[in-house]
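Data block below; observations after.
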Amino acid sequence: MIELQDIWKTYADGTTALQGVNVLIDRNEFVYIVGPSGAGKSTFMKLIYREEVPTKGQISVNGFNIGKLKHRKIPYVRRNIGVIFQDYKLLPKLTAFDNVAFAMEVIEAPRKQIRRRTLEVLELVGLKHKINSLPAQLSGGEQQRVAIARAIVNSPAVIVADEPTGNLDPETSWGIMNLLEEINFRGTTIVMATHNKEIVNTLRKRVIAIEQGSIVRDQQRGEYGYEI
Ligand SMILES: Nc1ncnc2c1ncn2[C@@H]1O[C@H](COP(=O)(O)OP(=O)(O)OP(=O)(O)O)[C@@H](O)[C@H]1O
């Protein structure tokens with residue numbers, strides 16, 4: 001499903017963020033990516049959703065060799081990868097409904113299907129009563145739920161979540177985790193970078209630890225393993 005083979009990433013300023021990363025993530029896994037600040041976690045995530053390309057090595061996601069993808073094929077691959085960010089990244093002038101619907105409009109889904117599916121996913125995340133609210137009228141947890149609805153609306157095979165609970169209080173964070181578990185249960189592979197020790201040590205999953213650009217630990221039902 002996701003395979004990285006000897007992946008190296010050096011940014012334009014010469015910073016090497018990943019060095020020789022090899023990993024295989026199967027369909028339907030739920031994986032935490034942990035490690036100190038600056039270790040390379042976000043870079044790892046960005047390579048998976050093709051925000052960055054590797055300097056060396058091969059990445060395949062869902063059977064596509066995404067490091068070598070032709071530009072016109074990028075939207076096609078992105079449709080199969082939902083992305084969730086720490087700061088939600090909703091469009092501020094669009095309602096909750098329109099933020100989610102937009103993700104289907106860009107892939108030119110039929111109008112009727114957009115309405116039906118958008119309402120369906122907003123209901124799944126518990127926000128059917130807020131469909132006409134703008135992001136500024138929603139709490140952080142609600143905004144993240146809209147972002148999750150947007151990430152799943154095109155039924156992607158993979159969700160990449162970069163510190164999805166980073167801006168949320170503990171109770172709201174647990175609500176977001178329940179939702180991600182439900183989405184995983186329904187058959188979506190989830191890769192989640194996090195600094196949240198309590199979540200990792202409570203909802204036990206596979207843990208991949210990255211330090212200074214290399215994988216230093218890969219454990220099933222692993223622990224967070226850092227003090228912060
Ligand atoms: N666009 C960029 N240009 C140059 N260097 C970068 C760029 N993005 C990240 N880096 C550097 O690459 C290294 C890895 O960064 P990355 O954001 O992947 O770490 P991280 O593990 O996600 O950190 P954090 O937990 O703080 O989010 C760091 O040294 C960082 O400064």
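Naming works like this for the structure tokens: A, B, ... for the chains as they're shown, residue 1 at the start of each chain, ligands 1 onward in shown order.
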List every residue of chain A that has an atom at most 9 Å from any atom of ligand 1, and for each one report the closest atom pair and its distance in Å to one decimal, counting only C-alpha atoms and all ligand atoms, with rows sorted by chain and then by increasing residue number, as CSV.
residue,atom,partner,partner_atom_place_in_ligand_line,distance
A:Lys9,CA,ligand 1,12 (O),8.6
A:Thr10,CA,ligand 1,5 (N),7.7
A:Tyr11,CA,ligand 1,4 (C),4.8
A:Ala12,CA,ligand 1,3 (N),6.3
A:Asp13,CA,ligand 1,4 (C),5.6
A:Gly14,CA,ligand 1,4 (C),7.2
A:Thr15,CA,ligand 1,5 (N),5.2
A:Thr16,CA,ligand 1,12 (O),6.3
A:Ala17,CA,ligand 1,12 (O),4.2
A:Leu18,CA,ligand 1,14 (C),7.4
A:Ile33,CA,ligand 1,21 (O),8.9
A:Val34,CA,ligand 1,21 (O),7.8
A:Gly35,CA,ligand 1,21 (O),6.3
A:Pro36,CA,ligand 1,25 (O),5.8
A:Ser37,CA,ligand 1,26 (O),3.5
A:Gly38,CA,ligand 1,19 (O),3.4
A:Ala39,CA,ligand 1,21 (O),3.8
A:Gly40,CA,ligand 1,18 (O),3.2
A:Lys41,CA,ligand 1,21 (O),3.7
A:Ser42,CA,ligand 1,22 (O),3.6
A:Thr43,CA,ligand 1,18 (O),3.7
A:Phe44,CA,ligand 1,18 (O),6.4
A:Met45,CA,ligand 1,18 (O),8.0
A:Lys46,CA,ligand 1,18 (O),8.2
A:Glu52,CA,ligand 1,1 (N),8.9
A:Asp162,CA,ligand 1,22 (O),8.1
A:Glu163,CA,ligand 1,27 (O),8.1
A:Ala193,CA,ligand 1,22 (O),7.8
A:Thr194,CA,ligand 1,25 (O),7.8
A:His195,CA,ligand 1,25 (O),7.2
A:Ile210,CA,ligand 1,21 (O),7.5
A:Glu211,CA,ligand 1,21 (O),7.9
A:Gln212,CA,ligand 1,14 (C),7.7
A:Gly213,CA,ligand 1,14 (C),7.1
With N, CA and C atoms retained, export the selected residues as a CSV table (one decimal), in the first residue's frame.
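The resulting selection_31.csv:
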chain,number,residue,atom,x,y,z
A,9,LYS,N,16.0,12.6,1.5
A,9,LYS,CA,15.5,13.9,1.1
A,9,LYS,C,16.4,15.0,1.6
A,10,THR,N,16.9,15.8,0.7
A,10,THR,CA,17.7,16.9,1.0
A,10,THR,C,17.0,18.2,0.4
A,11,TYR,N,16.7,19.1,1.3
A,11,TYR,CA,16.1,20.4,0.8
A,11,TYR,C,17.1,21.3,0.0
A,12,ALA,N,16.5,22.3,-0.7
A,12,ALA,CA,17.3,23.1,-1.5
A,12,ALA,C,18.4,23.8,-0.7
A,13,ASP,N,18.2,24.1,0.6
A,13,ASP,CA,19.3,24.8,1.3
A,13,ASP,C,20.3,23.8,1.9
A,14,GLY,N,20.2,22.5,1.5
A,14,GLY,CA,21.2,21.6,1.9
A,14,GLY,C,20.9,20.8,3.1
A,15,THR,N,19.8,21.1,3.8
A,15,THR,CA,19.4,20.3,5.0
A,15,THR,C,18.9,18.9,4.5
A,16,THR,N,19.5,17.9,5.1
A,16,THR,CA,19.1,16.5,4.8
A,16,THR,C,18.1,16.1,5.9
A,17,ALA,N,16.8,15.9,5.5
A,17,ALA,CA,15.7,15.6,6.4
A,17,ALA,C,15.5,14.1,6.6
A,18,LEU,N,15.7,13.4,5.5
A,18,LEU,CA,15.6,11.9,5.6
A,18,LEU,C,16.8,11.2,5.0
A,33,ILE,N,3.7,8.0,13.6
A,33,ILE,CA,5.1,8.4,13.4
A,33,ILE,C,5.5,9.4,14.5
A,34,VAL,N,6.5,9.0,15.3
A,34,VAL,CA,6.9,9.8,16.4
A,34,VAL,C,8.4,10.1,16.3
A,35,GLY,N,8.8,11.0,17.2
A,35,GLY,CA,10.2,11.4,17.1
A,35,GLY,C,10.4,12.9,17.5
A,36,PRO,N,11.6,13.3,17.9
A,36,PRO,CA,11.8,14.7,18.4
A,36,PRO,C,11.5,15.7,17.3
A,37,SER,N,11.4,16.9,17.7
A,37,SER,CA,11.2,18.0,16.7
A,37,SER,C,12.3,18.1,15.7
A,38,GLY,N,12.0,18.2,14.5
A,38,GLY,CA,13.0,18.3,13.4
A,38,GLY,C,13.6,17.0,13.0
A,39,ALA,N,13.0,15.9,13.4
A,39,ALA,CA,13.5,14.6,13.1
A,39,ALA,C,13.3,14.2,11.7
A,40,GLY,N,12.2,14.7,11.1
A,40,GLY,CA,11.9,14.4,9.7
A,40,GLY,C,10.5,13.8,9.5
A,41,LYS,N,9.7,13.9,10.5
A,41,LYS,CA,8.3,13.4,10.5
A,41,LYS,C,7.4,14.0,9.4
A,42,SER,N,7.4,15.4,9.4
A,42,SER,CA,6.6,16.1,8.4
A,42,SER,C,7.1,15.8,7.0
A,43,THR,N,8.4,15.7,6.9
A,43,THR,CA,9.0,15.4,5.6
A,43,THR,C,8.5,14.1,5.1
A,44,PHE,N,8.5,13.1,6.0
A,44,PHE,CA,8.1,11.7,5.7
A,44,PHE,C,6.6,11.8,5.2
A,45,MET,N,5.8,12.6,5.9
A,45,MET,CA,4.4,12.7,5.5
A,45,MET,C,4.2,13.4,4.2
A,46,LYS,N,5.0,14.5,4.0
A,46,LYS,CA,4.9,15.2,2.7
A,46,LYS,C,5.3,14.4,1.5
A,52,GLU,N,6.2,16.9,-1.4
A,52,GLU,CA,7.7,17.0,-1.7
A,52,GLU,C,8.0,15.7,-2.5
A,162,ASP,N,-1.0,15.0,10.0
A,162,ASP,CA,0.2,15.5,10.6
A,162,ASP,C,-0.1,16.3,11.9
A,163,GLU,N,0.1,15.7,13.0
A,163,GLU,CA,-0.3,16.2,14.3
A,163,GLU,C,-1.7,16.7,14.4
A,193,ALA,N,1.4,11.5,12.3
A,193,ALA,CA,2.5,12.0,13.0
A,193,ALA,C,2.0,12.6,14.3
A,194,THR,N,2.6,12.4,15.4
A,194,THR,CA,2.1,12.9,16.7
A,194,THR,C,3.2,13.1,17.7
A,195,HIS,N,3.0,14.1,18.6
A,195,HIS,CA,3.8,14.3,19.8
A,195,HIS,C,2.9,13.9,21.0
A,210,ILE,N,11.3,8.2,14.2
A,210,ILE,CA,12.3,8.7,13.4
A,210,ILE,C,13.2,9.7,14.2
A,211,GLU,N,14.4,9.5,14.0
A,211,GLU,CA,15.4,10.5,14.7
A,211,GLU,C,16.5,10.8,13.7
A,212,GLN,N,16.7,12.1,13.6
A,212,GLN,CA,17.7,12.6,12.6
A,212,GLN,C,17.6,12.0,11.3
A,213,GLY,N,16.4,11.9,10.8
A,213,GLY,CA,16.2,11.4,9.4
A,213,GLY,C,16.2,9.9,9.2
- Task: Apply DSSP to the structure's backbone, then extract all residues of stretch 3-199 of chain A labelled helix (DSSP H, G or I) and return them as a VMD selection string.
- Result: chain A and resid 41 to 48 66 to 68 71 to 78 96 to 105 111 to 124 128 to 130 135 to 137 140 to 152 170 to 185 197 to 199
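Compared by their closest atoms to A:Ile59, and using only C-alpha atoms, the residues A:Gly222, A:Asn196, A:Leu179, A:Leu24 rank with A:Leu24 nearest.
Atom CA of A:Met177 is positioned 8.7 Å from atom CA of A:Leu203.
Going from atom CA of A:Ile176 over to atom CA of A:Glu123, you cover 14.3 Å.
Compared by their closest atoms to A:Leu119, and using only C-alpha atoms, the residues A:Val146, A:Ala209, A:Leu134, A:Val106 rank with A:Val146 nearest.
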Which polymer residues have any atom within 6 Å of an atom of stretch 147-156 of chain A, counting only C-alpha atoms, with same-chain residues fewer than 4 positions away left out, as a short mmCIF file (atom, residue, chain, number, x, y, z; two decimals) with N, CA and C atoms, in the first residue's frame?
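Below you can see result_9.cif, which holds the result:
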data_model
loop_
_atom_site.label_atom_id
_atom_site.label_comp_id
_atom_site.auth_asym_id
_atom_site.auth_seq_id
_atom_site.Cartn_x
_atom_site.Cartn_y
_atom_site.Cartn_z
N ASN A 80 -6.69 9.82 -3.90
CA ASN A 80 -6.63 8.61 -3.07
C ASN A 80 -5.91 8.81 -1.75
N ILE A 81 -5.53 10.06 -1.47
CA ILE A 81 -4.84 10.36 -0.22
C ILE A 81 -5.51 11.56 0.43
N GLY A 82 -6.10 11.35 1.61
CA GLY A 82 -6.69 12.47 2.35
C GLY A 82 -5.66 13.01 3.32
N VAL A 83 -5.59 14.34 3.44
CA VAL A 83 -4.57 14.93 4.32
C VAL A 83 -5.24 15.78 5.41
N TYR A 88 -5.70 22.70 10.58
CA TYR A 88 -6.95 22.46 9.84
C TYR A 88 -6.89 22.87 8.37
N VAL A 100 -16.05 21.09 2.35
CA VAL A 100 -16.02 19.65 2.07
C VAL A 100 -16.39 19.41 0.60
N VAL A 121 -20.75 12.69 4.94
CA VAL A 121 -19.51 12.71 5.75
C VAL A 121 -19.61 13.74 6.87
N LEU A 122 -20.34 14.84 6.64
CA LEU A 122 -20.49 15.81 7.74
C LEU A 122 -21.33 15.21 8.87
#
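Atom pair atom CA of A:Gln137 / atom CA of A:Glu198: separated by 29.2 Å.
Using only C-alpha atoms for every distance, the candidate list A:Val61, A:Ala96, A:Ala109, A:Val125 yields A:Val125 as the residue closest to A:Asn178.
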- Task: Would you return as a list in words the members of stretch 27-61 of chain A that DSSP assigns to strand (DSSP E) on this structure's backbone?
- Result: Phe30, Val31, Tyr32, Ile33, Val34, Lys56, Gly57, Gln58, Ile59, Ser60 and Val61 of chain A
Output N, CA and C atoms for every residue in the selection just made, as an mmCIF file, in the first residue's frame.
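For reference, selection_39.cif as written:
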data_model
loop_
_atom_site.group_PDB
_atom_site.id
_atom_site.type_symbol
_atom_site.label_atom_id
_atom_site.label_comp_id
_atom_site.auth_asym_id
_atom_site.auth_seq_id
_atom_site.Cartn_x
_atom_site.Cartn_y
_atom_site.Cartn_z
ATOM 1 N N PHE A 30 -2.879 1.242 10.954
ATOM 2 C CA PHE A 30 -2.927 2.559 11.614
ATOM 3 C C PHE A 30 -1.550 2.728 12.244
ATOM 4 N N VAL A 31 -0.790 3.701 11.753
ATOM 5 C CA VAL A 31 0.611 3.839 12.169
ATOM 6 C C VAL A 31 0.850 5.225 12.754
ATOM 7 N N TYR A 32 1.499 5.259 13.912
ATOM 8 C CA TYR A 32 1.946 6.541 14.457
ATOM 9 C C TYR A 32 3.391 6.788 14.033
ATOM 10 N N ILE A 33 3.685 8.028 13.639
ATOM 11 C CA ILE A 33 5.057 8.431 13.372
ATOM 12 C C ILE A 33 5.468 9.367 14.513
ATOM 13 N N VAL A 34 6.475 8.956 15.286
ATOM 14 C CA VAL A 34 6.898 9.757 16.437
ATOM 15 C C VAL A 34 8.376 10.125 16.292
ATOM 16 N N LYS A 56 16.333 10.895 -3.521
ATOM 17 C CA LYS A 56 16.772 9.571 -3.972
ATOM 18 C C LYS A 56 15.818 8.537 -3.388
ATOM 19 N N GLY A 57 15.629 7.435 -4.120
ATOM 20 C CA GLY A 57 14.784 6.358 -3.610
ATOM 21 C C GLY A 57 13.424 6.320 -4.271
ATOM 22 N N GLN A 58 12.674 5.296 -3.932
ATOM 23 C CA GLN A 58 11.369 5.074 -4.555
ATOM 24 C C GLN A 58 10.256 5.051 -3.528
ATOM 25 N N ILE A 59 9.157 5.709 -3.874
ATOM 26 C CA ILE A 59 7.969 5.641 -3.012
ATOM 27 C C ILE A 59 6.806 5.176 -3.850
ATOM 28 N N SER A 60 6.094 4.172 -3.367
ATOM 29 C CA SER A 60 4.845 3.861 -4.052
ATOM 30 C C SER A 60 3.698 3.932 -3.049
ATOM 31 N N VAL A 61 2.614 4.545 -3.505
ATOM 32 C CA VAL A 61 1.402 4.649 -2.696
ATOM 33 C C VAL A 61 0.276 4.119 -3.560
#
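Within 6 Å of stretch 214-217 of chain A there are Gln19, Val21 and Ile208 of chain A, counting only C-alpha atoms and ignoring same-chain residues fewer than 6 positions away.
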- Might you pull out every residue within 12 Å of A:Thr172, with only C-alpha atoms counted and same-chain residues fewer than 4 positions away left off, and present them as a PyMOL selection string? chain A and resi 139-145+164-168+176-179+199
Can I get the selection written as a PDB file, in the first residue's frame, with N, CA and C atoms?
ATOM      1  N   SER A 139     -15.526  25.801  16.712  1.00  0.00           N
ATOM      2  CA  SER A 139     -14.426  25.562  17.660  1.00  0.00           C
ATOM      3  C   SER A 139     -13.290  24.841  16.931  1.00  0.00           C
ATOM      4  N   GLY A 140     -12.128  24.752  17.576  1.00  0.00           N
ATOM      5  CA  GLY A 140     -10.996  24.047  16.970  1.00  0.00           C
ATOM      6  C   GLY A 140     -11.344  22.605  16.649  1.00  0.00           C
ATOM      7  N   GLY A 141     -11.996  21.945  17.600  1.00  0.00           N
ATOM      8  CA  GLY A 141     -12.371  20.537  17.398  1.00  0.00           C
ATOM      9  C   GLY A 141     -13.345  20.386  16.234  1.00  0.00           C
ATOM     10  N   GLU A 142     -14.288  21.344  16.144  1.00  0.00           N
ATOM     11  CA  GLU A 142     -15.253  21.287  15.037  1.00  0.00           C
ATOM     12  C   GLU A 142     -14.557  21.543  13.700  1.00  0.00           C
ATOM     13  N   GLN A 143     -13.618  22.482  13.701  1.00  0.00           N
ATOM     14  CA  GLN A 143     -12.880  22.745  12.450  1.00  0.00           C
ATOM     15  C   GLN A 143     -12.105  21.503  12.015  1.00  0.00           C
ATOM     16  N   GLN A 144     -11.525  20.810  13.010  1.00  0.00           N
ATOM     17  CA  GLN A 144     -10.776  19.600  12.646  1.00  0.00           C
ATOM     18  C   GLN A 144     -11.725  18.522  12.123  1.00  0.00           C
ATOM     19  N   ARG A 145     -12.944  18.483  12.636  1.00  0.00           N
ATOM     20  CA  ARG A 145     -13.927  17.517  12.115  1.00  0.00           C
ATOM     21  C   ARG A 145     -14.298  17.829  10.673  1.00  0.00           C
ATOM     22  N   PRO A 164      -2.677  15.838  14.080  1.00  0.00           N
ATOM     23  CA  PRO A 164      -4.070  16.299  13.984  1.00  0.00           C
ATOM     24  C   PRO A 164      -4.649  16.807  15.302  1.00  0.00           C
ATOM     25  N   THR A 165      -4.044  16.409  16.431  1.00  0.00           N
ATOM     26  CA  THR A 165      -4.574  16.868  17.722  1.00  0.00           C
ATOM     27  C   THR A 165      -3.678  17.941  18.339  1.00  0.00           C
ATOM     28  N   GLY A 166      -2.693  18.415  17.578  1.00  0.00           N
ATOM     29  CA  GLY A 166      -1.690  19.334  18.124  1.00  0.00           C
ATOM     30  C   GLY A 166      -2.237  20.625  18.708  1.00  0.00           C
ATOM     31  N   ASN A 167      -3.365  21.113  18.179  1.00  0.00           N
ATOM     32  CA  ASN A 167      -3.921  22.370  18.679  1.00  0.00           C
ATOM     33  C   ASN A 167      -5.141  22.172  19.557  1.00  0.00           C
ATOM     34  N   LEU A 168      -5.402  20.925  19.958  1.00  0.00           N
ATOM     35  CA  LEU A 168      -6.675  20.654  20.634  1.00  0.00           C
ATOM     36  C   LEU A 168      -6.471  20.224  22.082  1.00  0.00           C
ATOM     37  N   ILE A 176     -11.411  13.302  18.331  1.00  0.00           N
ATOM     38  CA  ILE A 176     -10.813  13.210  16.990  1.00  0.00           C
ATOM     39  C   ILE A 176     -10.230  11.805  16.786  1.00  0.00           C
ATOM     40  N   MET A 177      -9.587  11.261  17.826  1.00  0.00           N
ATOM     41  CA  MET A 177      -9.009   9.912  17.715  1.00  0.00           C
ATOM     42  C   MET A 177     -10.094   8.854  17.501  1.00  0.00           C
ATOM     43  N   ASN A 178     -11.234   9.015  18.199  1.00  0.00           N
ATOM     44  CA  ASN A 178     -12.331   8.047  17.993  1.00  0.00           C
ATOM     45  C   ASN A 178     -12.766   8.048  16.530  1.00  0.00           C
ATOM     46  N   LEU A 179     -12.817   9.248  15.981  1.00  0.00           N
ATOM     47  CA  LEU A 179     -13.226   9.388  14.589  1.00  0.00           C
ATOM     48  C   LEU A 179     -12.209   8.734  13.649  1.00  0.00           C
ATOM     49  N   ILE A 199      -1.986   9.638  23.930  1.00  0.00           N
ATOM     50  CA  ILE A 199      -2.747   8.942  22.884  1.00  0.00           C
ATOM     51  C   ILE A 199      -1.979   7.704  22.411  1.00  0.00           C
TER      52      ILE A 199
END
